[in-house]
Amino acid sequence: MIDISTVTAVVLAGGEGKRLRAAVPDRQKVMAPISGRPFLTFVLDRLSDAGIGSVVMCTGYRGDEVRAQLGERYDGLSLRYSQEAHPLDTAGALRNALSLISSNPVLVLNGDSYCGADLRTFFLWHMFKRSSLSLMLARVPDTSRYWRVAMDSEGRIRAFSEKGISGRGWISAGIYALSWSLLTTIPEDRPMSLEREMLPAWLPYGIYGWYDKGEFIDIGTPESYADAEKTLRTEICATSSPGGLS
């Protein structure tokens, strides 16, 4: 069994966040403040709690701000940066960072969403399942803003539906465990989306969904950003200082 401290985690933190600019016009989306802390630090706290040691930050839009504020270390995590020369979208950013990723499997997280589920348990479940790709799932009351996930009785994902389907359902929580070899199938140096292009293309390899009751939030819109402030207050109260910024 792999030692989770040797696993490389990749955090996608390069999006422009155009919908959020009405509420946060002056900084990178993942650095949006939550009671004085960058939102991204809550994501990094989850990685530190899980025992991860190394993180690759995929940065793009205003990436210099992310690096300037977080530096090379955060709460025991070693941080390295893969800066896009031009926008590559989520999958393209992963492919761009391939030379910095040293583990197999790899843990990937969206930097603009947060899930309170146990990352360590999720990763160990992925290893036990021996799947090429596992997704952490969240059940939300309205899936219209997200890519809806359809699974069979064994938890294998059979389809991803386009955004716009309303009603309660399963969505990706933006956390993935996947084999290094899958990353090599992403076309190089051009924009590619995980959700729109690569996840559907990877379905034949076998994708499984895992669910925990941990809270799921994102900061994609001014409304969800306001909700994040309320939800993460318990996290702030549980810590005496804003992680390990250096």
# chains A, B, ... in the order shown; residues from 1 in each chain; ligands from 1

$ select_by_dssp --residues "range 24-200 of chain A" --states "strand (DSSP E or B)" --output "PDB file with N, CA and C atoms, in the first residue's frame"
ATOM      1  N   PRO A  33     -11.097  36.237   0.098  1.00  0.00           N
ATOM      2  CA  PRO A  33     -10.989  36.160   1.555  1.00  0.00           C
ATOM      3  C   PRO A  33     -12.218  35.550   2.219  1.00  0.00           C
ATOM      4  N   ILE A  34     -11.963  34.682   3.178  1.00  0.00           N
ATOM      5  CA  ILE A  34     -12.993  34.141   4.064  1.00  0.00           C
ATOM      6  C   ILE A  34     -12.559  34.503   5.485  1.00  0.00           C
ATOM      7  N   ARG A  37      -8.858  35.019   5.693  1.00  0.00           N
ATOM      8  CA  ARG A  37      -8.008  33.961   5.147  1.00  0.00           C
ATOM      9  C   ARG A  37      -8.325  33.729   3.684  1.00  0.00           C
ATOM     10  N   PRO A  38      -7.324  33.458   2.835  1.00  0.00           N
ATOM     11  CA  PRO A  38      -7.630  33.057   1.458  1.00  0.00           C
ATOM     12  C   PRO A  38      -8.403  31.733   1.452  1.00  0.00           C
ATOM     13  N   SER A  54       3.443  16.863  -0.481  1.00  0.00           N
ATOM     14  CA  SER A  54       3.862  17.668  -1.631  1.00  0.00           C
ATOM     15  C   SER A  54       2.651  18.099  -2.454  1.00  0.00           C
ATOM     16  N   VAL A  55       2.602  19.381  -2.797  1.00  0.00           N
ATOM     17  CA  VAL A  55       1.491  19.936  -3.566  1.00  0.00           C
ATOM     18  C   VAL A  55       2.038  20.707  -4.764  1.00  0.00           C
ATOM     19  N   VAL A  56       1.448  20.470  -5.922  1.00  0.00           N
ATOM     20  CA  VAL A  56       1.732  21.255  -7.125  1.00  0.00           C
ATOM     21  C   VAL A  56       0.548  22.176  -7.362  1.00  0.00           C
ATOM     22  N   MET A  57       0.812  23.462  -7.412  1.00  0.00           N
ATOM     23  CA  MET A  57      -0.226  24.450  -7.659  1.00  0.00           C
ATOM     24  C   MET A  57      -0.242  24.787  -9.145  1.00  0.00           C
ATOM     25  N   CYS A  58      -1.356  24.487  -9.830  1.00  0.00           N
ATOM     26  CA  CYS A  58      -1.503  24.847 -11.238  1.00  0.00           C
ATOM     27  C   CYS A  58      -2.105  26.244 -11.294  1.00  0.00           C
ATOM     28  N   THR A  59      -1.285  27.210 -11.624  1.00  0.00           N
ATOM     29  CA  THR A  59      -1.711  28.605 -11.628  1.00  0.00           C
ATOM     30  C   THR A  59      -1.743  29.157 -13.046  1.00  0.00           C
ATOM     31  N   ARG A  73       6.093  26.942   1.303  1.00  0.00           N
ATOM     32  CA  ARG A  73       5.677  26.041   2.379  1.00  0.00           C
ATOM     33  C   ARG A  73       4.352  26.516   2.964  1.00  0.00           C
ATOM     34  N   TYR A  74       3.518  25.556   3.324  1.00  0.00           N
ATOM     35  CA  TYR A  74       2.280  25.882   4.016  1.00  0.00           C
ATOM     36  C   TYR A  74       1.947  24.732   4.960  1.00  0.00           C
ATOM     37  N   LEU A  77       3.286  21.455   4.223  1.00  0.00           N
ATOM     38  CA  LEU A  77       3.207  21.093   2.810  1.00  0.00           C
ATOM     39  C   LEU A  77       4.309  21.796   2.019  1.00  0.00           C
ATOM     40  N   SER A  78       4.946  21.055   1.120  1.00  0.00           N
ATOM     41  CA  SER A  78       5.879  21.646   0.167  1.00  0.00           C
ATOM     42  C   SER A  78       5.084  22.077  -1.062  1.00  0.00           C
ATOM     43  N   LEU A  79       5.190  23.345  -1.448  1.00  0.00           N
ATOM     44  CA  LEU A  79       4.423  23.875  -2.572  1.00  0.00           C
ATOM     45  C   LEU A  79       5.336  24.160  -3.760  1.00  0.00           C
ATOM     46  N   ARG A  80       4.942  23.629  -4.912  1.00  0.00           N
ATOM     47  CA  ARG A  80       5.601  23.951  -6.176  1.00  0.00           C
ATOM     48  C   ARG A  80       4.553  24.506  -7.131  1.00  0.00           C
ATOM     49  N   TYR A  81       5.019  25.222  -8.150  1.00  0.00           N
ATOM     50  CA  TYR A  81       4.089  25.952  -8.998  1.00  0.00           C
ATOM     51  C   TYR A  81       4.297  25.604 -10.470  1.00  0.00           C
ATOM     52  N   SER A  82       3.178  25.378 -11.146  1.00  0.00           N
ATOM     53  CA  SER A  82       3.168  25.178 -12.587  1.00  0.00           C
ATOM     54  C   SER A  82       2.340  26.312 -13.182  1.00  0.00           C
ATOM     55  N   GLN A  83       3.010  27.326 -13.707  1.00  0.00           N
ATOM     56  CA  GLN A  83       2.350  28.523 -14.210  1.00  0.00           C
ATOM     57  C   GLN A  83       2.097  28.398 -15.710  1.00  0.00           C
ATOM     58  N   VAL A 106      -2.245   9.925  -8.400  1.00  0.00           N
ATOM     59  CA  VAL A 106      -2.161  11.352  -8.138  1.00  0.00           C
ATOM     60  C   VAL A 106      -3.490  11.806  -7.529  1.00  0.00           C
ATOM     61  N   LEU A 107      -3.431  12.765  -6.625  1.00  0.00           N
ATOM     62  CA  LEU A 107      -4.638  13.347  -6.055  1.00  0.00           C
ATOM     63  C   LEU A 107      -4.807  14.747  -6.635  1.00  0.00           C
ATOM     64  N   VAL A 108      -5.972  15.041  -7.188  1.00  0.00           N
ATOM     65  CA  VAL A 108      -6.239  16.327  -7.847  1.00  0.00           C
ATOM     66  C   VAL A 108      -7.444  16.987  -7.178  1.00  0.00           C
ATOM     67  N   LEU A 109      -7.330  18.286  -6.915  1.00  0.00           N
ATOM     68  CA  LEU A 109      -8.421  19.034  -6.291  1.00  0.00           C
ATOM     69  C   LEU A 109      -8.636  20.360  -7.011  1.00  0.00           C
ATOM     70  N   ASN A 110      -9.896  20.763  -7.106  1.00  0.00           N
ATOM     71  CA  ASN A 110     -10.212  22.107  -7.559  1.00  0.00           C
ATOM     72  C   ASN A 110      -9.912  23.086  -6.433  1.00  0.00           C
ATOM     73  N   SER A 113     -13.264  24.982  -4.726  1.00  0.00           N
ATOM     74  CA  SER A 113     -14.321  24.270  -4.019  1.00  0.00           C
ATOM     75  C   SER A 113     -13.721  23.541  -2.831  1.00  0.00           C
ATOM     76  N   TYR A 114     -14.570  23.242  -1.881  1.00  0.00           N
ATOM     77  CA  TYR A 114     -14.123  22.656  -0.622  1.00  0.00           C
ATOM     78  C   TYR A 114     -15.057  21.514  -0.258  1.00  0.00           C
ATOM     79  N   CYS A 115     -14.477  20.406   0.191  1.00  0.00           N
ATOM     80  CA  CYS A 115     -15.274  19.286   0.670  1.00  0.00           C
ATOM     81  C   CYS A 115     -14.689  18.829   1.999  1.00  0.00           C
ATOM     82  N   LEU A 133      -9.496   5.734 -12.146  1.00  0.00           N
ATOM     83  CA  LEU A 133      -9.917   7.069 -11.742  1.00  0.00           C
ATOM     84  C   LEU A 133     -11.090   6.964 -10.781  1.00  0.00           C
ATOM     85  N   SER A 134     -10.983   7.667  -9.664  1.00  0.00           N
ATOM     86  CA  SER A 134     -12.083   7.748  -8.706  1.00  0.00           C
ATOM     87  C   SER A 134     -12.441   9.211  -8.487  1.00  0.00           C
ATOM     88  N   LEU A 135     -13.724   9.485  -8.357  1.00  0.00           N
ATOM     89  CA  LEU A 135     -14.224  10.833  -8.104  1.00  0.00           C
ATOM     90  C   LEU A 135     -14.865  10.875  -6.734  1.00  0.00           C
ATOM     91  N   MET A 136     -14.565  11.924  -5.977  1.00  0.00           N
ATOM     92  CA  MET A 136     -15.340  12.182  -4.782  1.00  0.00           C
ATOM     93  C   MET A 136     -16.619  12.878  -5.223  1.00  0.00           C
ATOM     94  N   LEU A 137     -17.738  12.391  -4.731  1.00  0.00           N
ATOM     95  CA  LEU A 137     -19.037  12.913  -5.132  1.00  0.00           C
ATOM     96  C   LEU A 137     -19.696  13.699  -4.008  1.00  0.00           C
ATOM     97  N   ALA A 138     -20.581  14.589  -4.390  1.00  0.00           N
ATOM     98  CA  ALA A 138     -21.413  15.321  -3.441  1.00  0.00           C
ATOM     99  C   ALA A 138     -22.846  15.240  -3.933  1.00  0.00           C
ATOM    100  N   ARG A 139     -23.771  15.139  -2.992  1.00  0.00           N
ATOM    101  CA  ARG A 139     -25.188  15.154  -3.347  1.00  0.00           C
ATOM    102  C   ARG A 139     -25.741  16.535  -3.002  1.00  0.00           C
ATOM    103  N   VAL A 140     -26.251  17.216  -4.011  1.00  0.00           N
ATOM    104  CA  VAL A 140     -26.702  18.600  -3.829  1.00  0.00           C
ATOM    105  C   VAL A 140     -28.182  18.720  -4.192  1.00  0.00           C
ATOM    106  N   ARG A 148     -23.770  16.719 -13.799  1.00  0.00           N
ATOM    107  CA  ARG A 148     -24.482  15.681 -13.070  1.00  0.00           C
ATOM    108  C   ARG A 148     -23.874  14.316 -13.390  1.00  0.00           C
ATOM    109  N   VAL A 149     -23.781  13.461 -12.363  1.00  0.00           N
ATOM    110  CA  VAL A 149     -23.138  12.151 -12.499  1.00  0.00           C
ATOM    111  C   VAL A 149     -24.191  11.055 -12.385  1.00  0.00           C
ATOM    112  N   ALA A 150     -24.144  10.085 -13.301  1.00  0.00           N
ATOM    113  CA  ALA A 150     -25.019   8.909 -13.248  1.00  0.00           C
ATOM    114  C   ALA A 150     -24.167   7.676 -12.976  1.00  0.00           C
ATOM    115  N   MET A 151     -24.575   6.871 -11.971  1.00  0.00           N
ATOM    116  CA  MET A 151     -23.817   5.685 -11.567  1.00  0.00           C
ATOM    117  C   MET A 151     -24.689   4.444 -11.630  1.00  0.00           C
ATOM    118  N   ARG A 156     -20.008   2.467 -10.298  1.00  0.00           N
ATOM    119  CA  ARG A 156     -19.267   2.847 -11.502  1.00  0.00           C
ATOM    120  C   ARG A 156     -20.028   3.949 -12.223  1.00  0.00           C
ATOM    121  N   ILE A 157     -19.318   4.982 -12.592  1.00  0.00           N
ATOM    122  CA  ILE A 157     -19.941   6.109 -13.273  1.00  0.00           C
ATOM    123  C   ILE A 157     -20.161   5.760 -14.735  1.00  0.00           C
ATOM    124  N   ARG A 158     -21.394   5.971 -15.173  1.00  0.00           N
ATOM    125  CA  ARG A 158     -21.777   5.612 -16.536  1.00  0.00           C
ATOM    126  C   ARG A 158     -21.926   6.809 -17.463  1.00  0.00           C
ATOM    127  N   ALA A 159     -22.173   7.993 -16.897  1.00  0.00           N
ATOM    128  CA  ALA A 159     -22.380   9.162 -17.760  1.00  0.00           C
ATOM    129  C   ALA A 159     -22.225  10.446 -16.960  1.00  0.00           C
ATOM    130  N   PHE A 160     -21.847  11.489 -17.687  1.00  0.00           N
ATOM    131  CA  PHE A 160     -21.829  12.847 -17.147  1.00  0.00           C
ATOM    132  C   PHE A 160     -22.793  13.675 -17.980  1.00  0.00           C
ATOM    133  N   SER A 161     -23.717  14.359 -17.317  1.00  0.00           N
ATOM    134  CA  SER A 161     -24.707  15.172 -18.020  1.00  0.00           C
ATOM    135  C   SER A 161     -24.283  16.623 -18.034  1.00  0.00           C
ATOM    136  N   GLY A 169     -29.338  15.661  -6.986  1.00  0.00           N
ATOM    137  CA  GLY A 169     -28.567  14.624  -7.662  1.00  0.00           C
ATOM    138  C   GLY A 169     -27.107  14.636  -7.252  1.00  0.00           C
ATOM    139  N   TRP A 170     -26.344  13.743  -7.897  1.00  0.00           N
ATOM    140  CA  TRP A 170     -24.914  13.586  -7.614  1.00  0.00           C
ATOM    141  C   TRP A 170     -24.098  14.441  -8.567  1.00  0.00           C
ATOM    142  N   ILE A 171     -23.065  15.074  -8.015  1.00  0.00           N
ATOM    143  CA  ILE A 171     -22.122  15.838  -8.826  1.00  0.00           C
ATOM    144  C   ILE A 171     -20.699  15.493  -8.385  1.00  0.00           C
ATOM    145  N   SER A 172     -19.736  15.839  -9.210  1.00  0.00           N
ATOM    146  CA  SER A 172     -18.348  15.728  -8.797  1.00  0.00           C
ATOM    147  C   SER A 172     -18.043  16.816  -7.782  1.00  0.00           C
ATOM    148  N   ALA A 173     -17.374  16.437  -6.682  1.00  0.00           N
ATOM    149  CA  ALA A 173     -16.966  17.410  -5.671  1.00  0.00           C
ATOM    150  C   ALA A 173     -15.643  18.072  -6.035  1.00  0.00           C
ATOM    151  N   GLY A 174     -15.138  17.799  -7.231  1.00  0.00           N
ATOM    152  CA  GLY A 174     -13.898  18.435  -7.674  1.00  0.00           C
ATOM    153  C   GLY A 174     -12.651  17.838  -7.061  1.00  0.00           C
ATOM    154  N   ILE A 175     -12.720  16.568  -6.634  1.00  0.00           N
ATOM    155  CA  ILE A 175     -11.573  15.864  -6.062  1.00  0.00           C
ATOM    156  C   ILE A 175     -11.444  14.525  -6.780  1.00  0.00           C
ATOM    157  N   TYR A 176     -10.246  14.249  -7.295  1.00  0.00           N
ATOM    158  CA  TYR A 176     -10.012  13.078  -8.126  1.00  0.00           C
ATOM    159  C   TYR A 176      -8.762  12.324  -7.657  1.00  0.00           C
ATOM    160  N   ALA A 177      -8.823  11.013  -7.709  1.00  0.00           N
ATOM    161  CA  ALA A 177      -7.628  10.178  -7.567  1.00  0.00           C
ATOM    162  C   ALA A 177      -7.487   9.407  -8.871  1.00  0.00           C
ATOM    163  N   LEU A 178      -6.353   9.517  -9.523  1.00  0.00           N
ATOM    164  CA  LEU A 178      -6.211   8.901 -10.836  1.00  0.00           C
ATOM    165  C   LEU A 178      -4.782   8.463 -11.095  1.00  0.00           C
TER     166      LEU A 178
END

$ residues_around --residues "Asp3 in chain A" --least-positions-apart "3" --cutoff "12 Å" --atoms "only C-alpha atoms" --output "MDAnalysis selection string"
chainID A and resid 6:8 50:53 103:105 120 123:124 127

$ write_last_selection --atoms "C-alpha atoms" --output "PDB file, in the first residue's frame"
ATOM      1  CA  THR A   6       4.612  10.391  -0.783  1.00  0.00           C
ATOM      2  CA  VAL A   7       1.567  11.245  -2.900  1.00  0.00           C
ATOM      3  CA  THR A   8       1.632  14.373  -5.054  1.00  0.00           C
ATOM      4  CA  ALA A  50      -4.674  13.895   5.290  1.00  0.00           C
ATOM      5  CA  GLY A  51      -0.888  13.563   5.597  1.00  0.00           C
ATOM      6  CA  ILE A  52       0.005  14.757   2.104  1.00  0.00           C
ATOM      7  CA  GLY A  53       3.509  16.197   1.869  1.00  0.00           C
ATOM      8  CA  SER A 103       3.523   9.877  -7.595  1.00  0.00           C
ATOM      9  CA  ASN A 104       1.227   7.233  -9.032  1.00  0.00           C
ATOM     10  CA  PRO A 105      -1.694   7.592  -8.310  1.00  0.00           C
ATOM     11  CA  ARG A 120      -7.096  10.018   3.293  1.00  0.00           C
ATOM     12  CA  PHE A 123      -7.469   7.901  -1.450  1.00  0.00           C
ATOM     13  CA  LEU A 124      -7.065   4.570   0.338  1.00  0.00           C
ATOM     14  CA  MET A 127      -6.183   2.175  -3.998  1.00  0.00           C
TER      15      MET A 127
END

$ closest_residue --among "A:Asp189, A:Asp152, A:Asp112, A:Glu162" --to "Leu98 in chain A" --atoms "only C-alpha atoms"
A:Asp189

$ atom_distance --atom1 "CA of Met198 in chain A" --atom2 "CA of Leu182 in chain A"
9.5 Å

$ closest_residue --among "A:Asp89, A:Asp218, A:Asp118, A:Glu65" --to "Arg46 in chain A" --atoms "only C-alpha atoms"
A:Asp118

$ residues_around --residues "Pro187 in chain A" --least-positions-apart "2" --cutoff "10 Å" --atoms "only C-alpha atoms" --output "list in words"
Ala91, Gly92, Arg95, Asn96, Leu183, Thr184, Thr185, Asp189, Arg190, Pro191, Met192 and Met198 of chain A

$ select_by_dssp --residues "range 11-172 of chain A" --states "alpha helix (DSSP H)" --output "short mmCIF file (atom, residue, chain, number, x, y, z; two decimals) with N, CA and C atoms, in the first residue's frame"
data_model
loop_
_atom_site.label_atom_id
_atom_site.label_comp_id
_atom_site.auth_asym_id
_atom_site.auth_seq_id
_atom_site.Cartn_x
_atom_site.Cartn_y
_atom_site.Cartn_z
N PHE A 39 -9.43 31.66 0.62
CA PHE A 39 -10.22 30.43 0.52
C PHE A 39 -9.33 29.21 0.29
N LEU A 40 -8.31 29.36 -0.54
CA LEU A 40 -7.43 28.25 -0.89
C LEU A 40 -6.78 27.60 0.34
N THR A 41 -6.56 28.37 1.40
CA THR A 41 -5.91 27.79 2.57
C THR A 41 -6.78 26.72 3.23
N PHE A 42 -8.08 26.81 3.09
CA PHE A 42 -8.94 25.77 3.63
C PHE A 42 -8.76 24.46 2.87
N VAL A 43 -8.56 24.57 1.56
CA VAL A 43 -8.28 23.38 0.75
C VAL A 43 -6.93 22.77 1.16
N LEU A 44 -5.93 23.61 1.34
CA LEU A 44 -4.62 23.13 1.76
C LEU A 44 -4.66 22.51 3.15
N ASP A 45 -5.49 23.04 4.03
CA ASP A 45 -5.64 22.44 5.35
C ASP A 45 -6.11 20.99 5.25
N ARG A 46 -7.03 20.72 4.32
CA ARG A 46 -7.52 19.34 4.15
C ARG A 46 -6.39 18.41 3.71
N LEU A 47 -5.53 18.90 2.85
CA LEU A 47 -4.40 18.09 2.39
C LEU A 47 -3.41 17.84 3.52
N SER A 48 -3.13 18.85 4.30
CA SER A 48 -2.23 18.69 5.43
C SER A 48 -2.80 17.70 6.44
N ASP A 49 -4.09 17.80 6.72
CA ASP A 49 -4.74 16.89 7.66
C ASP A 49 -4.68 15.44 7.18
N ALA A 50 -4.70 15.25 5.86
CA ALA A 50 -4.67 13.89 5.29
C ALA A 50 -3.29 13.27 5.31
N GLY A 63 -1.53 34.30 -11.30
CA GLY A 63 -0.82 33.26 -10.57
C GLY A 63 0.30 33.79 -9.69
N ASP A 64 0.86 34.92 -10.06
CA ASP A 64 1.93 35.50 -9.25
C ASP A 64 1.43 35.88 -7.86
N GLU A 65 0.15 36.23 -7.76
CA GLU A 65 -0.42 36.58 -6.46
C GLU A 65 -0.51 35.36 -5.55
N VAL A 66 -0.87 34.23 -6.13
CA VAL A 66 -0.98 33.00 -5.36
C VAL A 66 0.38 32.63 -4.79
N ARG A 67 1.40 32.65 -5.66
CA ARG A 67 2.74 32.28 -5.21
C ARG A 67 3.29 33.28 -4.19
N ALA A 68 3.05 34.56 -4.40
CA ALA A 68 3.57 35.58 -3.49
C ALA A 68 2.97 35.43 -2.10
N GLN A 69 1.71 35.04 -2.01
CA GLN A 69 1.06 34.96 -0.71
C GLN A 69 1.32 33.63 0.00
N LEU A 70 1.39 32.55 -0.75
CA LEU A 70 1.56 31.23 -0.13
C LEU A 70 3.02 30.82 0.02
N ASP A 89 -7.18 25.66 -19.38
CA ASP A 89 -8.34 25.01 -18.76
C ASP A 89 -7.85 23.93 -17.78
N THR A 90 -8.76 23.20 -17.18
CA THR A 90 -8.41 22.32 -16.06
C THR A 90 -7.53 21.13 -16.47
N ALA A 91 -7.92 20.42 -17.51
CA ALA A 91 -7.12 19.27 -17.94
C ALA A 91 -5.80 19.71 -18.57
N GLY A 92 -5.84 20.78 -19.35
CA GLY A 92 -4.61 21.28 -19.94
C GLY A 92 -3.61 21.72 -18.88
N ALA A 93 -4.10 22.30 -17.79
CA ALA A 93 -3.21 22.69 -16.70
C ALA A 93 -2.58 21.47 -16.05
N LEU A 94 -3.33 20.40 -15.90
CA LEU A 94 -2.78 19.15 -15.35
C LEU A 94 -1.67 18.62 -16.25
N ARG A 95 -1.92 18.60 -17.54
CA ARG A 95 -0.91 18.09 -18.48
C ARG A 95 0.35 18.96 -18.44
N ASN A 96 0.16 20.26 -18.28
CA ASN A 96 1.28 21.19 -18.22
C ASN A 96 2.17 20.94 -17.00
N LEU A 119 -10.06 12.99 3.03
CA LEU A 119 -9.26 12.76 1.83
C LEU A 119 -8.43 11.50 1.93
N ARG A 120 -7.91 11.21 3.11
CA ARG A 120 -7.10 10.02 3.29
C ARG A 120 -7.91 8.75 3.04
N THR A 121 -9.11 8.70 3.61
CA THR A 121 -9.97 7.53 3.41
C THR A 121 -10.35 7.39 1.95
N PHE A 122 -10.65 8.51 1.30
CA PHE A 122 -10.97 8.48 -0.13
C PHE A 122 -9.82 7.91 -0.94
N PHE A 123 -8.61 8.36 -0.67
CA PHE A 123 -7.47 7.90 -1.45
C PHE A 123 -7.19 6.41 -1.21
N LEU A 124 -7.30 5.99 0.04
CA LEU A 124 -7.06 4.57 0.34
C LEU A 124 -8.15 3.70 -0.29
N TRP A 125 -9.39 4.20 -0.34
CA TRP A 125 -10.47 3.47 -1.02
C TRP A 125 -10.15 3.34 -2.51
N HIS A 126 -9.64 4.40 -3.10
CA HIS A 126 -9.26 4.35 -4.52
C HIS A 126 -8.20 3.27 -4.75
N MET A 127 -7.22 3.19 -3.87
CA MET A 127 -6.18 2.17 -4.00
C MET A 127 -6.77 0.77 -3.87
N PHE A 128 -7.65 0.57 -2.92
CA PHE A 128 -8.30 -0.72 -2.72
C PHE A 128 -9.13 -1.10 -3.94
N LYS A 129 -9.81 -0.11 -4.53
CA LYS A 129 -10.69 -0.36 -5.68
C LYS A 129 -9.89 -0.70 -6.94
#

$ closest_residue --among "A:Gly167, A:Pro141, A:Glu197, A:Glu16" --to "Gln28 in chain A" --atoms "only C-alpha atoms"
A:Glu16

$ closest_residue --among "A:Gly155, A:Gly14, A:Pro204, A:Gly36" --to "Ala85 in chain A" --atoms "only C-alpha atoms"
A:Gly14

$ residues_around --residues "Lys163 in chain A" --least-positions-apart "3" --cutoff "8 Å" --atoms "only C-alpha atoms" --output "compact mmCIF listing (two decimals) with N, CA and C atoms, in the first residue's frame"
# COMPACT_ATOMS: atom_id res chain seq x y z
N THR A 143 -28.63 20.46 -9.14
CA THR A 143 -27.42 20.18 -9.92
C THR A 143 -27.25 21.10 -11.13
N SER A 144 -28.10 22.10 -11.29
CA SER A 144 -28.11 22.87 -12.54
C SER A 144 -26.81 23.61 -12.82
N ARG A 145 -26.01 23.93 -11.79
CA ARG A 145 -24.74 24.63 -11.98
C ARG A 145 -23.58 23.68 -12.23
N TYR A 146 -23.84 22.38 -12.17
CA TYR A 146 -22.76 21.41 -12.15
C TYR A 146 -22.98 20.32 -13.22
N TRP A 147 -21.93 19.51 -13.37
CA TRP A 147 -22.02 18.33 -14.23
C TRP A 147 -22.61 17.19 -13.41
N ARG A 148 -23.77 16.72 -13.80
CA ARG A 148 -24.48 15.68 -13.07
C ARG A 148 -23.87 14.32 -13.39

$ atom_distance --atom1 "CA of Ala23 in chain A" --atom2 "CA of Pro222 in chain A"
5.6 Å
